[in-house]
Structure formats: structure tokens, C-alpha cells
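*Asks:* Provided herewith: start33.txt, compact mmCIF, C-alpha atoms.
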# COMPACT_ATOMS: atom_id res chain seq x y z
CA MET A 985 -49.00 42.76 60.18
CA THR A 986 -48.77 45.05 63.21
CA THR A 987 -50.02 44.91 66.81
CA HIS A 988 -50.58 48.10 68.86
CA GLY A 989 -48.58 50.07 66.32
CA LYS A 990 -45.64 47.69 66.46
CA ARG A 991 -44.46 45.53 63.51
CA THR A 992 -44.61 41.84 64.20
CA PRO A 993 -41.54 40.00 62.91
CA SER A 994 -42.19 37.33 60.31
CA ARG A 995 -42.07 33.78 61.55
CA TRP A 996 -39.18 33.29 59.17
CA LEU A 997 -37.16 36.16 60.63
CA ARG A 998 -35.88 36.85 64.09
CA LEU A 999 -34.58 40.14 65.38
CA ARG A 1000 -31.50 40.01 67.48
CA GLY A 1001 -30.32 43.42 68.42
CA ASN A 1002 -29.79 45.28 65.17
CA ARG A 1003 -29.46 42.04 63.11
CA ILE A 1004 -32.07 40.05 61.27
CA HIS A 1005 -31.60 36.29 61.26
CA LEU A 1006 -33.34 33.76 59.03
CA HIS A 1007 -35.32 31.04 60.67
CA ARG A 1008 -33.29 27.84 60.76
CA SER A 1009 -35.73 25.89 58.55
CA MET A 1010 -35.63 28.68 55.98
CA LEU A 1011 -31.84 28.54 56.00
CA TYR A 1012 -31.83 24.78 55.52
CA GLY A 1013 -34.29 25.11 52.65
CA ALA A 1014 -32.11 27.67 50.92
CA VAL A 1015 -29.05 25.44 51.28
CA ALA A 1016 -30.96 22.44 49.92
CA CYS A 1017 -32.28 24.47 46.99
CA THR A 1018 -28.77 25.66 46.17
CA ALA A 1019 -27.51 22.08 46.24
CA VAL A 1020 -30.26 20.93 43.89
CA VAL A 1021 -29.52 23.76 41.48
CA SER A 1022 -25.83 22.91 41.57
CA VAL A 1023 -26.54 19.26 40.78
CA VAL A 1024 -28.85 20.20 37.90
CA LEU A 1025 -26.34 22.63 36.46
CA ALA A 1026 -23.57 20.05 36.77
CA GLY A 1027 -25.74 17.49 34.97
CA LEU A 1028 -26.55 19.93 32.19
CA ALA A 1029 -22.88 20.84 31.83
CA TRP A 1030 -21.93 17.15 31.61
CA LYS A 1031 -24.64 16.48 29.02
CA PHE A 1032 -23.59 19.52 26.99
CA ALA A 1033 -19.97 18.39 27.08
CA GLY A 1034 -21.00 14.90 25.95
CA ASP A 1035 -23.16 16.25 23.13
CA ARG A 1036 -20.36 18.58 22.05
CA ALA A 1037 -17.90 15.69 22.03
CA ASP A 1038 -20.30 13.57 19.93
CA THR A 1039 -20.80 16.47 17.52
CA ASP A 1040 -17.06 17.06 17.21
CA ARG A 1041 -16.46 13.34 16.66
CA ALA A 1042 -19.14 13.15 13.96
CA ALA A 1043 -17.77 16.26 12.27
CA ALA A 1044 -14.25 14.83 12.33
CA GLU A 1045 -15.45 11.52 10.84
CA TYR A 1046 -17.39 13.32 8.10
CA SER A 1047 -14.37 15.47 7.30
CA ALA A 1048 -12.12 12.40 7.13
CA GLN A 1049 -14.56 10.60 4.83
CA ALA A 1050 -14.80 13.65 2.58
CA ALA A 1051 -11.01 13.83 2.39
CA ASP A 1052 -10.87 10.11 1.53
CA ARG A 1053 -13.43 10.58 -1.24
CA ALA A 1054 -11.51 13.50 -2.72
CA ALA A 1055 -8.23 11.56 -2.61
CA ALA A 1056 -9.83 8.45 -4.12
CA LEU A 1057 -11.37 10.51 -6.93
CA ARG A 1058 -7.96 11.93 -7.80
CA ALA A 1059 -6.28 8.53 -7.61
CA GLY A 1060 -8.95 6.83 -9.69
CA SER A 1061 -8.90 9.56 -12.33
CA ASP A 1062 -5.10 9.47 -12.56
CA PHE A 1063 -5.22 5.69 -12.91
CA LEU A 1064 -7.70 5.82 -15.80
CA ILE A 1065 -5.74 8.50 -17.63
CA ALA A 1066 -2.53 6.51 -17.25
CA ALA A 1067 -4.18 3.22 -18.23
CA TYR A 1068 -5.63 4.55 -21.46
CA THR A 1069 -2.81 6.82 -22.60
CA VAL A 1070 -0.27 5.40 -25.03
CA ASP A 1071 2.51 7.67 -26.28
CA ALA A 1072 4.26 6.13 -29.27
CA ALA A 1073 6.63 9.08 -29.61
CA GLY A 1074 7.62 9.76 -26.00
CA ASP A 1075 7.19 6.32 -24.43
CA LYS A 1076 7.95 3.76 -27.13
CA GLY A 1077 8.93 1.06 -24.68
CA MET A 1078 6.04 1.98 -22.34
CA SER A 1079 8.35 2.20 -19.36
CA LYS A 1080 6.66 5.40 -18.17
CA TRP A 1081 3.25 3.76 -18.62
CA HIS A 1082 4.30 0.71 -16.66
CA ALA A 1083 5.79 2.78 -13.83
CA ALA A 1084 2.62 4.88 -13.54
CA MET A 1085 0.37 1.81 -13.52
CA SER A 1086 2.50 -0.03 -10.98
CA ALA A 1087 2.44 2.96 -8.65
CA ALA A 1088 -1.34 3.35 -8.97
CA THR A 1089 -2.33 -0.29 -8.38
CA THR A 1090 -1.93 -3.03 -5.80
CA ASP A 1091 -0.20 -6.37 -6.34
CA THR A 1092 -3.58 -7.92 -7.21
CA LEU A 1093 -3.35 -6.20 -10.61
CA ARG A 1094 0.31 -6.97 -11.27
CA ASP A 1095 -0.39 -9.70 -13.83
CA ARG A 1096 -3.16 -7.66 -15.43
CA VAL A 1097 -0.85 -4.67 -15.84
CA GLN A 1098 1.69 -6.89 -17.61
CA GLN A 1099 -0.97 -8.30 -19.94
CA THR A 1100 -2.35 -4.86 -20.75
CA LYS A 1101 1.13 -3.54 -21.43
CA ALA A 1102 1.72 -6.34 -23.92
CA VAL A 1103 -1.51 -5.46 -25.77
CA LEU A 1104 -0.94 -1.72 -25.83
CA SER A 1105 2.64 -2.21 -26.97
CA LEU A 1106 1.17 -3.23 -30.33
CA LEU A 1107 -0.04 0.37 -30.69
CA THR A 1108 3.36 1.87 -29.96
CA GLU A 1109 5.06 -0.56 -32.33
CA ALA A 1110 2.67 0.66 -35.01
CA ASP A 1111 3.41 4.27 -34.07
CA ALA A 1112 -0.22 4.75 -33.00
CA SER A 1113 -1.18 6.79 -29.97
CA MET A 1114 -4.17 6.96 -27.64
CA THR A 1115 -5.17 9.35 -24.89
CA GLY A 1116 -7.76 9.05 -22.16
CA ALA A 1117 -9.62 11.94 -20.54
CA VAL A 1118 -12.02 11.58 -17.62
CA GLU A 1119 -15.32 13.26 -18.43
CA GLU A 1120 -17.22 12.31 -15.30
CA VAL A 1121 -16.31 10.50 -12.11
CA ALA A 1122 -18.21 9.99 -8.88
CA VAL A 1123 -18.10 7.93 -5.67
CA VAL A 1124 -20.63 5.13 -5.84
CA SER A 1125 -20.02 3.70 -2.38
CA GLN A 1126 -17.65 4.02 0.54
CA ASN A 1127 -17.03 1.62 3.38
CA ASP A 1128 -14.16 2.03 5.80
CA LYS A 1129 -11.05 1.81 3.59
CA LEU A 1130 -12.81 0.73 0.40
CA ILE A 1131 -14.22 3.09 -2.22
CA ARG A 1132 -15.87 2.36 -5.55
CA LEU A 1133 -15.94 4.96 -8.31
CA LEU A 1134 -17.97 5.15 -11.49
CA ALA A 1135 -16.25 7.02 -14.31
CA VAL A 1136 -16.86 7.94 -17.93
CA LEU A 1137 -13.68 8.13 -19.96
CA ARG A 1138 -13.29 9.65 -23.41
CA LEU A 1139 -10.74 7.84 -25.58
CA THR A 1140 -9.04 9.44 -28.58
CA GLY A 1141 -6.77 7.45 -30.86
CA ARG A 1142 -4.66 8.33 -33.88
CA ALA A 1143 -2.91 5.96 -36.24
CA PRO A 1144 -0.06 6.95 -38.58
CA GLY A 1145 -1.39 8.74 -41.65
CA GLN A 1146 -4.84 9.16 -40.11
CA THR A 1147 -6.15 12.69 -40.74
CA GLU A 1148 -8.93 12.63 -38.14
CA PRO A 1149 -8.60 10.95 -34.74
CA THR A 1150 -10.95 8.18 -33.70
CA SER A 1151 -12.83 8.72 -30.47
CA GLY A 1152 -15.08 6.74 -28.19
CA SER A 1153 -15.93 6.34 -24.52
CA VAL A 1154 -15.96 3.70 -21.82
CA THR A 1155 -17.76 3.63 -18.50
CA GLU A 1156 -16.04 1.77 -15.69
CA TYR A 1157 -16.15 0.90 -12.06
CA ILE A 1158 -12.86 1.48 -10.23
CA ASP A 1159 -12.30 -0.13 -6.84
CA LEU A 1160 -9.74 1.42 -4.53
CA ILE A 1161 -8.29 0.54 -1.16
CA GLN A 1162 -6.19 2.65 1.16
CA VAL A 1163 -2.67 1.31 1.54
CA ASN A 1164 -0.44 3.12 4.03
CA GLY A 1165 -2.48 6.28 3.60
CA THR A 1166 -2.48 6.12 -0.22
CA TRP A 1167 -5.47 5.16 -2.35
CA LYS A 1168 -4.64 2.44 -4.88
CA VAL A 1169 -6.69 0.62 -7.49
CA PHE A 1170 -7.15 -3.10 -6.85
CA GLY A 1171 -9.90 -3.79 -9.39
CA TYR A 1172 -11.80 -2.31 -12.30
CA GLN A 1173 -14.46 -3.38 -14.79
CA ASP A 1174 -16.53 -1.78 -17.48
CA ILE A 1175 -20.20 -1.08 -17.02
CA ALA A 1176 -21.14 -4.13 -19.09
CA GLY A 1177 -19.54 -6.32 -16.45
CA LYS A 1178 -16.46 -7.48 -18.33
CA SER A 1179 -14.07 -7.84 -15.44
CA ALA A 1180 -10.50 -6.61 -15.54
CA ALA A 1181 -10.14 -6.80 -11.80
CA GLY A 1182 -7.90 -8.61 -9.40
CA VAL A 1183 -10.81 -9.96 -7.33
CA PRO A 1184 -14.29 -11.34 -8.02
CA ASP A 1185 -17.01 -8.71 -8.17
CA SER A 1186 -20.37 -8.84 -6.48
CA GLY A 1187 -22.18 -7.79 -9.65
CA LEU A 1188 -23.78 -4.94 -7.75
CA PRO A 1189 -23.12 -1.20 -8.05
CA GLY A 1190 -21.80 -1.18 -4.51
CA LEU A 1191 -18.44 -2.34 -3.23
CA PRO A 1192 -16.72 -5.55 -4.34
CA ALA A 1193 -17.63 -8.74 -2.55
CA THR A 1194 -14.16 -9.15 -1.05
CA GLN A 1195 -11.08 -7.14 -0.38
CA PRO A 1196 -7.99 -7.81 -2.50
CA GLN A 1197 -5.73 -10.62 -1.40
CA PRO A 1198 -1.95 -10.26 -1.73
CA SER A 1199 -0.37 -12.03 -4.66
CA PRO A 1200 1.92 -14.97 -3.80
CA ALA A 1201 5.61 -14.18 -3.74
CA PRO A 1202 7.58 -15.16 -6.86
CA GLY A 1203 8.74 -18.77 -6.80
CA ARG A 1204 5.88 -19.99 -4.59
Could you write out this file's structure as C-alpha cells?
*Replies:*
Amino acid sequence: MTTHGKRTPSRWLRLRGNRIHLHRSMLYGAVACTAVVSVVLAGLAWKFAGDRADTDRAAAEYSAQAADRAAALRAGSDFLIAAYTVDAAGDKGMSKWHAAMSAATTDTLRDRVQQTKAVLSLLTEADASMTGAVEEVAVVSQNDKLIRLLAVLRLTGRAPGQTEPTSGSVTEYIDLIQVNGTWKVFGYQDIAGKSAAGVPDSGLPGLPATQPQPSPAPGR
């Protein structure tokens, strides 16, 4: 707006010599607006950092669980192969079998391993052999340091003088627990529910009802 050919300064601006100055209220408003924007940006940055941390934490937990599942699958499969493989020619006394089973299991299965060894020794004494091969194995459930697997195992046996091997299959639950970073078997049972485990089972396809308890020391 002009008066008598002269430009009227805005009420927000003041001319001082050759300089233009903002009105004080306008200056205060700009400062306040900048402060608000800074606070909002800081809040958004904090929220983004928190969300990123939550995402990273969830990703790390998922990765750790996936690694545990993979390790438990390997441990469970190795256990089943060892448990159902009898080599009359190369392991007559079953010392290799016993060492593999002891390394794969917890103390809760110590007595069971001894009993199984005694039964399978009858095969080696008769010069018979048996091999186990895992056909399918999967994680049924996972909770903290406990994992249950469900596996289908193909068994092949051959007796002396037998021209054709005998084969069959078993389906079993295998319960594992992490001990010092290593997955070990502390219980197993076939799908029909005949327990060969070191602890009572819940009867459900999930995890066992209880964790394994350490066996008493010899002499107690």
C-alpha cells in the first residue's frame, strides 16, 4: 500500500537507515516456532531411534532362535542316527556307540543309554547290524532353552546270511536342552507314547512338562 506515491512500511517491518528490521513480536514468533520445530524433530528422532532399537532387538532374537533351531535339528538327527546304528564289524564292543550316545545326551539318560547298549549288544554278538537314517525332522515347539523335535527314522537291519535287509520306520519326539551352548537330548519317545525319556512327558505335542533334573551322584 502506498500514500502520496510513497511506500508504507509493513507493520511487521521497520526501516532504519538502509536496514530493514523485523517487528519484535514477529521476531519472537519466529524464535518460538523454531523452538517448537526443534522439539518435534527431537521427539521424532528419539522415537525413530527407539523403534530402530526394538526392530534390531527383535531381529537379533529371531536370528538367535533360528540358529538354535538349526543346531537342535542337527543334534537331534545325529542322536537318532547314533542311537539306531549298530556296527557288528567295526564296533563289536559298542564303545563307539556308547561314546557317541554319552556325548549327545544329558545325565538324565545315563541309565537308559546303559540299558539300550545291553539290548543292542545282542545284535553285535550275533553279528547283525542296523543303521538308522533320518527321513524327516522338524521343530515342534521351542521355549527358551528347550526344543522338541518330531522325526521319522528309517531303520535297516541285516542278519548274518540274510540276502535282503529288513527295513522299517519309527516316528519319535526328541527333547533337547541347551547345556553350555550345546544342544543335548534329555528325553525321547515314540509317537505311540512309549516313553524312553529321562523325565515324565506331558502327553502333548508341545514341550515336556518339566525340565530334566540332574541324576544323583554315584554312591548317594
*Asks:* Calculate how many Å separate atom CA of A:Ser1153 from atom CA of A:Thr1100, rounding to one decimal.
*Replies:*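 Going from atom CA of A:Ser1153 over to atom CA of A:Thr1100, I get 18.0 Å.
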*Asks:* Which residues, protein or nucleic acid, reach to within 12 Å of (6.4, 7.4, -26.3) in the file's coordinates when using all atoms listed in the file, and can you give that as a ChimeraX atom specification?
*Replies:* /A:1069-1082,1104-1105,1107-1115
*Asks:* Find the spatial neighbours of A:Arg1132, counting only C-alpha atoms, within a cut-off of 8 Å - ignore same-chain residues fewer than 5 positions away - and output them as a list in words.
*Replies:*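 Final neighbour list, sorted by chain and number: Val1123, Val1124, Ser1125, Gln1126, Tyr1157, Ile1158, Asp1159, Leu1160, Gly1190 and Leu1191 of chain A.
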*Asks:* Could you work out how far atom CA of A:Thr1155 lies from atom CA of A:Arg1058, giving the answer in Å with one decimal?
*Replies:*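 So the two atoms, atom CA of A:Arg1058 and atom CA of A:Thr1155, lie 16.7 Å apart.
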*Asks:* Just want the 12 Å neighbourhood of A:Ala1055, counted on all atoms listed in the file, with same-chain residues fewer than 5 positions away dropped. Output as an MDAnalysis selection string.
*Replies:* chainID A and resid 1048:1050 1060:1062 1122:1123 1129 1131 1133 1160:1162 1165:1168
*Asks:* So how far away is atom CA of A:Ala1117 from atom CA of A:Val1136, in Å?
*Replies:*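 Answer for the atom CA of A:Val1136 to atom CA of A:Ala1117 separation: 8.7 Å.
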*Asks:* Using all atoms listed in the file for the distances, tell me which of A:Leu1134, A:Ala1026, A:Gly1116, A:Asn1164 is nearest to A:Ser1151.
*Replies:*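 Checking each candidate against A:Ser1151, we get A:Gly1116 as the closest.
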*Asks:* Using all atoms listed in the file, which residues sit within 7 Å of A:Ala1088 once same-chain residues fewer than 2 positions away are excluded, as a list in words?
*Replies:*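 Near neighbours after the sequence-gap exclusion: Phe1063, Ala1084, Met1085, Ser1086, Lys1168 and Val1169 of chain A.
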*Asks:* Pick out the closest residue to A:Glu1045 from this set: A:Glu1148, A:Asp1174, A:Asp1128, A:Asp1091. Count only C-alpha atoms.
*Replies:*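 When distances to A:Glu1045 are compared using only C-alpha atoms, the smallest one comes from A:Asp1128.
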